[in-house]
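A.B. asks: Take a look at this one; I'll ask things after.
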Amino acid sequence: MKKFYQKISKALENVIKKEYGVELAPPLWELPQKQEFGDLSSTVALRLASKLKKSPIEIALQLKAPLEKLLSKDVEKVEIIKPGFLNLFISQATLVSSLNELLRNKDKFFRRKLKKKILLEFVSANPTGPLSIAHGRQAVVGDVIANALEFFGNQVEREYYINDTGRQIELLVSSLEARIREINGQALTLPQDGYKGEYIRDIAKEYLRQRTKREELRRFVLSNIMALIKKDLLSLGVKFDNWISQRKIVKEKKVQGVVDILRRRGLIYEKEGALWFSSTKFGDDKDRVVKKSDGQLPYFVSDIAYHKDKIKRRFNSLINLWGPDHHGYIGRVEAAIDALGYKREILKVIIIQLVTIKQKIKMSKRAGTAILLSDLISEVGKDAARFYYLTRRNSSHLEFDIDLACAASFDNPLYYIQYACVRIESIFRKAKAEDFDAKYSNFLTDSEDLGLLRSLLQFPYCLEKVCYSLEPVFIIEFLKNLASSFHKFYERKRVLVGAKELMLARLNLLEATRIVLHCGLNLLGIKPVRRM
RNA sequence: GCCCCCUUAGCUCAACGGAUAGAGCGUUGGCCUCCGGAGCCAAAGAUGGAAGUUCGAUUCUUCCAGGGGGCACCA
């Protein structure tokens, strides 16, 4: 049996195809701004109007009858409003049968089997120090995007690219050497732009303690810092499948291979002692150096090699999360992918905007004034940190108010959501509820009951939006709305009184609410609370 | 100088070019004999400025004002 939300989408798609022979890009249905507009709203008539040069109302009228016919059992009515909105009201029978289906299948009710193979590269912070709060945002956003895509049945690999070679690493090593000399009694002579962080001193001490091993300095410092980074990530609950070393890619001559390919395609020329790639032929602002005059290979080339490597691993889609400092970088990577003979559309880059804090202290790792992710987590905790990170959309600056996040946790919408979970648990404890029985669900006829049920059944559209836009913030918005629907319901209707049938029916409804709340929180990587 | 992002209620944020511009916090006023009042209900309150495209602009274009961030043969 087809789930109600799939059936409704398909129906509209078919009707449009039949009446006008057109296919429109999804989503065809959206959640309406207000409850009075029904359960779902579609602007397809408005979209078609400009395409077909017809009046939107006329189109809506033409779509309405066949749509109602196709969905006669599932839909109470289809309304046409002003400029040409199609508003759909789901019937009580479908609401109730969906509730029972949800109770039987739990979160599987919302899952799909899209079966795409997706590579998600995110964080990839330079291994030169512990993670900052900006990296934390990328980590959490990436993790939740991956969760959502996996929930829809895709195979997602989470990948961290380690920039373990190059000038920043040299700087790191010489900063460490300076610290070692300092510990040995000499004056501290950090190189210019050297890393000042306290963690370097700790690593220096550790190195002196273990030096019997005679490990190479570079390897020692890198493995120590990667351990710091992994610990930070773990404390956020973020795990990676792959750790890809830039150094290894360079060693395997993949970088030189890329230059050779470009040369064979006649896209390399020499100027001022350096080799240049004619990236402007592929839409880049200016040509890029692929071999410096001193013979060194710039970062950009190894990044091309890395992306070529990703493509060769046969994914349907590559997603990169980058910081805002990389926005000018997108064009040249796409140009390179193009120049190597691949489709640039395979890569989707999401820029995660900056995280600032209210005190307006600038974050810069090199200046040593960064606010560390570990500090943040130890103050607000993993779940609150994750939640706060997701409260803005990717392209918006996130102002992380640390004082509010740790001092005034009652104002945190997370607690509002968790409180809904707690109230449900409390009711179930009192009810000493047994398993649900589907036959009672029919007793849900009140508009308050059905209102909450309607909120639950909006979840598939929320998930669809998240996967479509790669914006986890919609899960937050949904959970806030659902929690609000629940609290309203709780104030107006009592569960543990009245007729037994109605009580059991409402317990079914609460069980379903619990399933959806938990499912949403799990996708965010946040543990639902049972008691506070 | 060039490029990107931002400017919506007192504050923090919403609104594929569409419905009466929505929420939360704060403010004001209600609601506890009651499954956890960490809640619910109600009220007041907003598109930085100017022009343009459109049946229709918070959304697109241009200019102006203000804020943030980028502009390496760094990574």
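Residue numbering restarts at 1 for every chain of the structure tokens, chains are lettered A, B, ... in their displayed order, and ligands are numbered from 1 as they appear.
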Can you check which residues of chain B have any atom within 10 Å of chain A? Use only C-alpha atoms (C1' of nucleotides) and format it as a PyMOL selection string.

C.D. replies: chain B and resi 3-6+12-16+18-19+22-25+34-36+38-41+55-56+68-71+73-75

A.B. asks: Restrict the selected residues to C-alpha atoms (C1' of nucleotides) and save them as a PDB file, in the first residue's frame.

C.D. replies:
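Everything below was put into again.pdb:
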ATOM      1  C1'   C B   3      33.606  40.083  -5.267  1.00  0.00           C
ATOM      2  C1'   C B   4      30.191  37.454  -1.781  1.00  0.00           C
ATOM      3  C1'   C B   5      26.622  37.552   2.345  1.00  0.00           C
ATOM      4  C1'   C B   6      23.427  40.533   5.347  1.00  0.00           C
ATOM      5  C1'   U B  12      16.930  36.884  17.441  1.00  0.00           C
ATOM      6  C1'   C B  13      15.110  34.845  13.019  1.00  0.00           C
ATOM      7  C1'   A B  14      10.937  33.101   8.838  1.00  0.00           C
ATOM      8  C1'   A B  15       8.325  33.885   4.227  1.00  0.00           C
ATOM      9  C1'   C B  16      10.307  28.426  -4.548  1.00  0.00           C
ATOM     10  C1'   G B  18       1.974  34.920  -4.596  1.00  0.00           C
ATOM     11  C1'   A B  19      -2.778  34.113   0.342  1.00  0.00           C
ATOM     12  C1'   G B  22       4.928  34.508  10.118  1.00  0.00           C
ATOM     13  C1'   A B  23       7.412  32.609  14.851  1.00  0.00           C
ATOM     14  C1'   G B  24      10.219  32.788  19.490  1.00  0.00           C
ATOM     15  C1'   C B  25      12.102  36.038  23.289  1.00  0.00           C
ATOM     16  C1'   C B  34      -6.908  19.491  36.825  1.00  0.00           C
ATOM     17  C1'   C B  35      -2.139  13.771  32.968  1.00  0.00           C
ATOM     18  C1'   G B  36       4.694  18.114  35.161  1.00  0.00           C
ATOM     19  C1'   A B  38       9.718  24.832  32.176  1.00  0.00           C
ATOM     20  C1'   G B  39       2.859  25.366  29.860  1.00  0.00           C
ATOM     21  C1'   C B  40      -1.642  27.690  27.401  1.00  0.00           C
ATOM     22  C1'   C B  41      -4.744  32.019  25.617  1.00  0.00           C
ATOM     23  C1'   C B  55      -1.310  41.262 -12.883  1.00  0.00           C
ATOM     24  C1'   G B  56       1.449  40.970  -8.226  1.00  0.00           C
ATOM     25  C1'   G B  68      30.010  41.234   8.170  1.00  0.00           C
ATOM     26  C1'   G B  69      33.448  38.332   5.191  1.00  0.00           C
ATOM     27  C1'   G B  70      36.637  37.369   1.151  1.00  0.00           C
ATOM     28  C1'   C B  71      40.026  39.084  -2.720  1.00  0.00           C
ATOM     29  C1'   C B  73      52.846  31.610  -7.063  1.00  0.00           C
ATOM     30  C1'   C B  74      48.541  30.673   1.566  1.00  0.00           C
ATOM     31  C1'   A B  75      46.032  26.362   2.850  1.00  0.00           C
TER      32        A B  75
END

A.B. asks: Residues within 9 Å of region 336-344 of chain A, please, as a ChimeraX atom specification. Count only C-alpha atoms (C1' of nucleotides); anything in the same chain fewer than 5 positions from it doesn't count.

C.D. replies: /A:258,261-262,265,267,277,279,281-282,304,307-308,311,331

A.B. asks: So that I can see what lies close to region 191-204 of chain A, please list as an NGL selection string the residues with an atom at most 8 Å from it, counting only C-alpha atoms (C1' of nucleotides) and leaving out residues fewer than 2 positions away in the same chain.

C.D. replies: :A and (128-129 or 171-172 or 174-180 or 189 or 206-208 or 221 or 224 or 365-368)

A.B. asks: Could you tell me which of B:U7, B:U20, B:U62, B:G29 comes closest to A44 (chain B) if we count only C-alpha atoms (C1' of nucleotides)?

C.D. replies: B:G29

A.B. asks: Identify, on the basis of only C-alpha atoms (C1' of nucleotides), every residue whose closest approach to Val78 (chain A) does not exceed 9 Å; exclude the query and any residue fewer than 3 positions from it along the same chain; express the result as an MDAnalysis selection string.

C.D. replies: chainID A and resid 38 64:65 67:68 75 86:90

A.B. asks: How would the residues just picked look written out with C-alpha atoms as a PDB file, in the first residue's frame?

C.D. replies:
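File written: selection_22.pdb
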ATOM      1  CA  GLY A  38      -5.646  23.015   4.742  1.00  0.00           C
ATOM      2  CA  LYS A  64      -9.313  20.246  -9.292  1.00  0.00           C
ATOM      3  CA  ALA A  65     -11.884  17.755 -10.600  1.00  0.00           C
ATOM      4  CA  LEU A  67      -7.449  15.441  -8.627  1.00  0.00           C
ATOM      5  CA  GLU A  68     -10.479  15.004  -6.431  1.00  0.00           C
ATOM      6  CA  VAL A  75      -9.259  13.943   0.498  1.00  0.00           C
ATOM      7  CA  LEU A  86      -4.885  24.513  -4.650  1.00  0.00           C
ATOM      8  CA  ASN A  87      -5.500  23.702  -1.018  1.00  0.00           C
ATOM      9  CA  LEU A  88      -6.026  20.140   0.014  1.00  0.00           C
ATOM     10  CA  PHE A  89      -7.756  18.855   3.111  1.00  0.00           C
ATOM     11  CA  ILE A  90      -7.009  15.262   4.034  1.00  0.00           C
TER      12      ILE A  90
END

A.B. asks: Where does DSSP see helix (DSSP H, G or I) in region 415-507 of chain A, if you list the residues as a PyMOL selection string?

C.D. replies: chain A and resi 415-431+438-443+447-456+459-469+473-492+500-507

A.B. asks: Next, the residues of the selection above should be written as a tab-separated table (two decimals), in the first residue's frame with C-alpha atoms.

C.D. replies:
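And here is the file that came out, out.tsv:
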chain	number	residue	atom	x	y	z
A	415	TYR	CA	13.85	22.41	26.12
A	416	TYR	CA	10.45	23.25	24.78
A	417	ILE	CA	10.69	20.21	22.52
A	418	GLN	CA	12.16	17.99	25.19
A	419	TYR	CA	9.44	19.08	27.57
A	420	ALA	CA	6.87	17.73	25.15
A	421	CYS	CA	8.69	14.37	25.26
A	422	VAL	CA	8.73	14.49	29.05
A	423	ARG	CA	5.02	15.18	29.31
A	424	ILE	CA	4.26	12.27	27.02
A	425	GLU	CA	6.47	9.95	29.05
A	426	SER	CA	4.80	11.12	32.21
A	427	ILE	CA	1.35	10.34	30.83
A	428	PHE	CA	2.44	6.89	29.76
A	429	ARG	CA	3.91	6.21	33.19
A	430	LYS	CA	0.61	7.13	34.80
A	431	ALA	CA	-1.45	5.26	32.25
A	438	ALA	CA	-5.47	0.27	16.09
A	439	LYS	CA	-9.22	-0.12	16.42
A	440	TYR	CA	-9.43	2.75	18.89
A	441	SER	CA	-7.88	5.28	16.56
A	442	ASN	CA	-11.29	5.80	14.95
A	443	PHE	CA	-12.41	7.56	18.09
A	447	SER	CA	-10.60	18.88	15.87
A	448	GLU	CA	-7.95	19.10	18.59
A	449	ASP	CA	-7.10	15.43	18.17
A	450	LEU	CA	-7.04	15.64	14.42
A	451	GLY	CA	-5.06	18.87	14.58
A	452	LEU	CA	-2.22	17.16	16.39
A	453	LEU	CA	-2.43	14.21	14.04
A	454	ARG	CA	-2.19	16.58	11.08
A	455	SER	CA	0.96	18.09	12.55
A	456	LEU	CA	2.51	14.63	12.80
A	459	PHE	CA	6.82	15.23	8.86
A	460	PRO	CA	7.39	13.62	5.43
A	461	TYR	CA	7.21	17.02	3.79
A	462	CYS	CA	9.70	18.38	6.27
A	463	LEU	CA	12.13	15.56	5.51
A	464	GLU	CA	11.65	16.00	1.80
A	465	LYS	CA	12.48	19.66	2.13
A	466	VAL	CA	15.60	18.90	4.13
A	467	CYS	CA	16.92	16.43	1.56
A	468	TYR	CA	15.99	18.69	-1.30
A	469	SER	CA	17.52	21.86	0.12
A	473	VAL	CA	17.07	23.90	9.99
A	474	PHE	CA	13.70	22.69	8.72
A	475	ILE	CA	13.80	19.78	11.14
A	476	ILE	CA	14.22	22.27	13.97
A	477	GLU	CA	11.30	24.33	12.70
A	478	PHE	CA	9.16	21.25	12.37
A	479	LEU	CA	9.93	19.99	15.85
A	480	LYS	CA	9.20	23.39	17.34
A	481	ASN	CA	5.84	23.45	15.59
A	482	LEU	CA	5.05	19.91	16.58
A	483	ALA	CA	5.96	20.56	20.19
A	484	SER	CA	3.75	23.62	20.11
A	485	SER	CA	0.86	21.58	18.66
A	486	PHE	CA	1.36	19.03	21.38
A	487	HIS	CA	1.46	21.56	24.23
A	488	LYS	CA	-1.71	23.16	22.94
A	489	PHE	CA	-3.38	19.80	22.74
A	490	TYR	CA	-2.20	18.98	26.23
A	491	GLU	CA	-3.71	22.15	27.63
A	492	ARG	CA	-7.07	21.60	26.02
A	500	LYS	CA	-11.98	4.35	27.80
A	501	GLU	CA	-12.12	4.23	24.00
A	502	LEU	CA	-11.22	7.88	23.72
A	503	MET	CA	-8.42	7.49	26.25
A	504	LEU	CA	-6.91	4.61	24.31
A	505	ALA	CA	-7.34	6.51	21.09
A	506	ARG	CA	-5.47	9.47	22.54
A	507	LEU	CA	-2.75	7.21	23.85

A.B. asks: Calculate how many Å separate CA of Ser378 (chain A) from CA of Val238 (chain A), rounding to one decimal.

C.D. replies: 15.9 Å
